[in-house]
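> This is the structure, below, for whatever I ask next.
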Amino acid sequence: MAKQTASEKSYQSLVEAHDRKRPVLINCIKAFLVGGFICIVGQAVTVFFITFFSFTEQTAGNPSVATMIFFAMFLTGFGVYDRLGQFAGAGSAVPVTGFGNAVISAAIEHKTEGFVLGVGGNMFKLAGSVIIFGVFAAFLLATIKTLLIYFGVVN
Amino acid sequence: MDTKTWIFKNRPAIMCSGVVGGPFEKKSPYTSEFDYCMDSLWMEQESFEKANRLLIEEAIEVLMKKSEIEPSEIDALLMGDLINQLTPTSLAARTLSVPYLGLFSACATSMEGLALSAVLVDGGYSGKIVTGASSHNAAVEKQFRYPTEYGGQKPPTAQWTVTGAGVALVEKYTTQSSPFAFIEKATIGKVVDEGIKDPFNMGAAMAPAAADVIHRHLTQTNQTPDDFDLIVTGDLAWIGHSIAEDLLKEKGWTFKEGQFLDCGKLFYVENPGIQAGASGPACSAMLLYSHFLNELQKGSIKKMLAVATGALLSPLTFQQGESIPCIAHAVELSSPSTYTLTKGEEI
């Protein structure tokens with residue numbers, strides 16, 4: 001990459017003087033509250049599956065995640081989730097509902113280009129990197145764990 | 001040596017305009033001066049891109065109705081938008097079936113079109129030219145950013161793309177006509193890039209281009225800001241506009257209170273939903289071809305410099321780490337109230 005020139009550097013400092021900073025502390029508090037609220041809902045759903053169906057604490061995760069994504073689909077389709085995202089930032093992006101929103105919003109957006117090239121071809125354009133790096137990170141950690149067990153470092 | 005400012009001698013003038021907005025534009029304080037606003041972002045079309053095309057068609061339709069002309073009387077359409085390969089504008093030109101030049105200067109397209117129209121009319125190559133620019137918020141978000149329903153958080157430096165279209169009819173002045181404004185001079189911008197890479201801070205990226213073209217226009221025409229009632233930039237918005245003012249101050253140009261304005265700041269006033277202000281090719285086109293034209297015609301503005309600013313990036317260049325190249329074009333407009341036709345000047 002080309003080095004910054006002197007005029008670019010002095011301009012950068014002028015820009016910083018006029019910049020509007022992200023209100024980081026407020027954003028963190030909002031993200032904590034909204035993200036926490038989404039997790040409370042998720043926990044309630046899990047408890048619901050354990051209480052009323054034959055799920056255990058281990059197996060209730062899958063239907064809970066699916067249900068949360070179902071909720072995210074409604075909120076995205078009715079145009080609420082993007083507003084929530086502007087307010088909550090990472091609070092609504094990090095939970096699984098945010099992942100659902102990334103897939104669903106892309107699917108809605110590209111419906112105009114047809115189901116194959118539009119919806120099918122684009123629905124993972126945002127979430128695709130979450131999946132690929134998520135799977136890869138899981139693979140790395142699983143490899144490390146397997147090696148540690150093999151050599152007897154952990155049981 | 002710097003390129004020269006174009007000085008028009010044969011009185012090219014803006015005779016009429018057509019301005020159509022989207023649903024959010026109804027909230028603009030200038031909404032009463034627009035011809036009308038659509039009720040939904042979809043505008044009963046199948047896609048946002050088609051809605052963008054419809055905006056252009058409607059704006060030109062309004063212009064033709066107001067000025068009582070037929071498409072066959074239009075010698076050329078000089079227009080552009082932000083969508084890949086200018087398809088909304090090209091499709092609108094297909095509907096109209098008029099000679100067409102597609103223009104791209106991003107959000108500076110409005111003044112690129114006006115300057116070129118003035119050249120063609122002044123040089124006697126064309127009689128009636130329709131020029132303008134348009135943008136559609138959701139179509140632009142889809143192409144440059146994220147899906148409209150994606151819940152990403154925009155930083156406070158981000159700007160809101162205006163949905164709408166603004167067009168103007170440029171024609172040579174005759175004593176029978178009642179123009180809104182005369183096009184006096186135009187300075188074409190250079191691509192200026194001070195190394196800003198954040199596409200959520202377009203105002204800061206574009207400010208140096210605006211300052212450069214304003215500085216060149218003033219020095220090349222031996223004028224000072226005092227010669228103008230208003231100097232209006234396109235869509236620098238709250239951050240970029242104050243940077244541009246500082247850059248011009250460094251060059252020795254200072255402005256009176258309320259003399260240096262920005263369409264991006266005026267369009268929606270301050271509203272937390274739109275972050276740093278309005279942007280998009282329609283931002284300058286809609287305000288200049290409605291509010292400012294009306295003021296020029298009334299004579300409450302005698303002379304103004306309209307400077308549209310554009311960020312010439314694409315999603316590809318940004319992802320490849322390229323900084324944002326920016327441009328601004330300046331067009332000097334004057335009020336017909338200041339002009340009395342001298343004998344023999346009728347052309």
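If you're wondering about the labels, chains in the structure tokens are A, B, ... by order shown, residues count from 1 in each chain, ligands from 1 in order shown.
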Write out, as a Markdown table, each residue of chain B that has an atom at most 6 Å from chain A, together with the closest pair of atoms and their distance in Å to one decimal, counting only C-alpha atoms, rows going by chain and rising number.

| residue | atom | partner | partner_atom | distance |
| --- | --- | --- | --- | --- |
| B:Ser47 | CA | A:Thr112 | CA | 5.9 |
| B:Pro147 | CA | A:Ala106 | CA | 5.6 |
| B:Glu149 | CA | A:Ser105 | CA | 5.1 |
| B:Tyr150 | CA | A:Asp82 | CA | 5.3 |
| B:Gly151 | CA | A:Asp82 | CA | 3.7 |
| B:Gly152 | CA | A:Gly85 | CA | 5.4 |
| B:Gln153 | CA | A:Gln86 | CA | 4.3 |
| B:Glu194 | CA | A:Glu8 | CA | 5.1 |
| B:Gly195 | CA | A:Glu8 | CA | 5.9 |
> Which parts of stretch 26-119 of chain B does DSSP call strand (DSSP E) when run on the backbone here, written out as a list of chain:residue names?
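Result set for stretch 26-119 of chain B (strand (DSSP E)): B:Tyr36, B:Cys37, B:Ala76, B:Leu77, B:Leu78, B:Met79, B:Gly80, B:Tyr100, B:Leu101, B:Gly102.
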> Would you write out those residues with N, CA and C atoms, as a CSV table (one decimal), in the first residue's frame?

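Output below, filename part.csv:
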chain,number,residue,atom,x,y,z
B,36,TYR,N,-44.1,16.5,-6.7
B,36,TYR,CA,-44.8,15.6,-5.8
B,36,TYR,C,-43.9,14.5,-5.2
B,37,CYS,N,-44.4,13.8,-4.3
B,37,CYS,CA,-43.7,12.7,-3.7
B,37,CYS,C,-44.5,11.4,-3.8
B,76,ALA,N,-31.8,16.5,-26.6
B,76,ALA,CA,-30.9,15.5,-25.9
B,76,ALA,C,-31.3,15.4,-24.4
B,77,LEU,N,-31.1,14.2,-23.9
B,77,LEU,CA,-31.3,14.0,-22.5
B,77,LEU,C,-29.9,13.7,-21.9
B,78,LEU,N,-29.5,14.5,-20.9
B,78,LEU,CA,-28.2,14.3,-20.3
B,78,LEU,C,-28.4,14.0,-18.8
B,79,MET,N,-28.3,12.7,-18.5
B,79,MET,CA,-28.7,12.3,-17.2
B,79,MET,C,-27.9,11.2,-16.6
B,80,GLY,N,-28.0,11.0,-15.3
B,80,GLY,CA,-27.3,9.8,-14.7
B,80,GLY,C,-27.9,9.5,-13.4
B,100,TYR,N,-29.8,10.6,-26.3
B,100,TYR,CA,-29.4,10.4,-24.8
B,100,TYR,C,-28.0,10.2,-24.6
B,101,LEU,N,-27.4,11.0,-23.7
B,101,LEU,CA,-26.1,10.8,-23.2
B,101,LEU,C,-26.1,10.4,-21.7
B,102,GLY,N,-25.7,9.3,-21.4
B,102,GLY,CA,-25.7,8.9,-20.0
B,102,GLY,C,-24.5,9.4,-19.3
> Go through stretch 30-59 of chain A and collect every residue that DSSP, computed from the backbone, puts in alpha helix (DSSP H); the answer should be as a list in words.
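Filtering stretch 30-59 of chain A to alpha helix (DSSP H) leaves Lys30, Ala31, Phe32, Leu33, Val34, Gly35, Gly36, Phe37, Ile38, Cys39, Ile40, Val41, Gly42, Gln43, Ala44, Val45, Thr46, Val47, Phe48, Phe49, Ile50, Thr51 and Phe52 of chain A.
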> With C-alpha atoms retained, write the just-selected residues as a PDB file, in the first residue's frame.

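In the end it all went to part-v7.pdb:
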ATOM      1  CA  LYS A  30     -27.527  -0.672  24.501  1.00  0.00           C
ATOM      2  CA  ALA A  31     -25.864  -3.751  23.004  1.00  0.00           C
ATOM      3  CA  PHE A  32     -25.625  -5.376  26.438  1.00  0.00           C
ATOM      4  CA  LEU A  33     -29.293  -4.759  27.229  1.00  0.00           C
ATOM      5  CA  VAL A  34     -30.710  -5.767  23.844  1.00  0.00           C
ATOM      6  CA  GLY A  35     -28.343  -8.712  23.416  1.00  0.00           C
ATOM      7  CA  GLY A  36     -29.137  -9.797  26.954  1.00  0.00           C
ATOM      8  CA  PHE A  37     -32.862  -9.520  26.308  1.00  0.00           C
ATOM      9  CA  ILE A  38     -32.561 -11.683  23.165  1.00  0.00           C
ATOM     10  CA  CYS A  39     -30.693 -14.271  25.242  1.00  0.00           C
ATOM     11  CA  ILE A  40     -33.393 -14.216  27.939  1.00  0.00           C
ATOM     12  CA  VAL A  41     -35.979 -14.928  25.230  1.00  0.00           C
ATOM     13  CA  GLY A  42     -33.737 -17.725  23.928  1.00  0.00           C
ATOM     14  CA  GLN A  43     -33.423 -19.161  27.435  1.00  0.00           C
ATOM     15  CA  ALA A  44     -37.198 -19.037  27.879  1.00  0.00           C
ATOM     16  CA  VAL A  45     -37.619 -20.930  24.615  1.00  0.00           C
ATOM     17  CA  THR A  46     -35.115 -23.564  25.795  1.00  0.00           C
ATOM     18  CA  VAL A  47     -36.929 -23.969  29.121  1.00  0.00           C
ATOM     19  CA  PHE A  48     -40.194 -24.256  27.188  1.00  0.00           C
ATOM     20  CA  PHE A  49     -38.806 -27.121  25.087  1.00  0.00           C
ATOM     21  CA  ILE A  50     -37.406 -28.901  28.150  1.00  0.00           C
ATOM     22  CA  THR A  51     -40.618 -28.490  30.180  1.00  0.00           C
ATOM     23  CA  PHE A  52     -43.237 -29.322  27.573  1.00  0.00           C
TER      24      PHE A  52
END
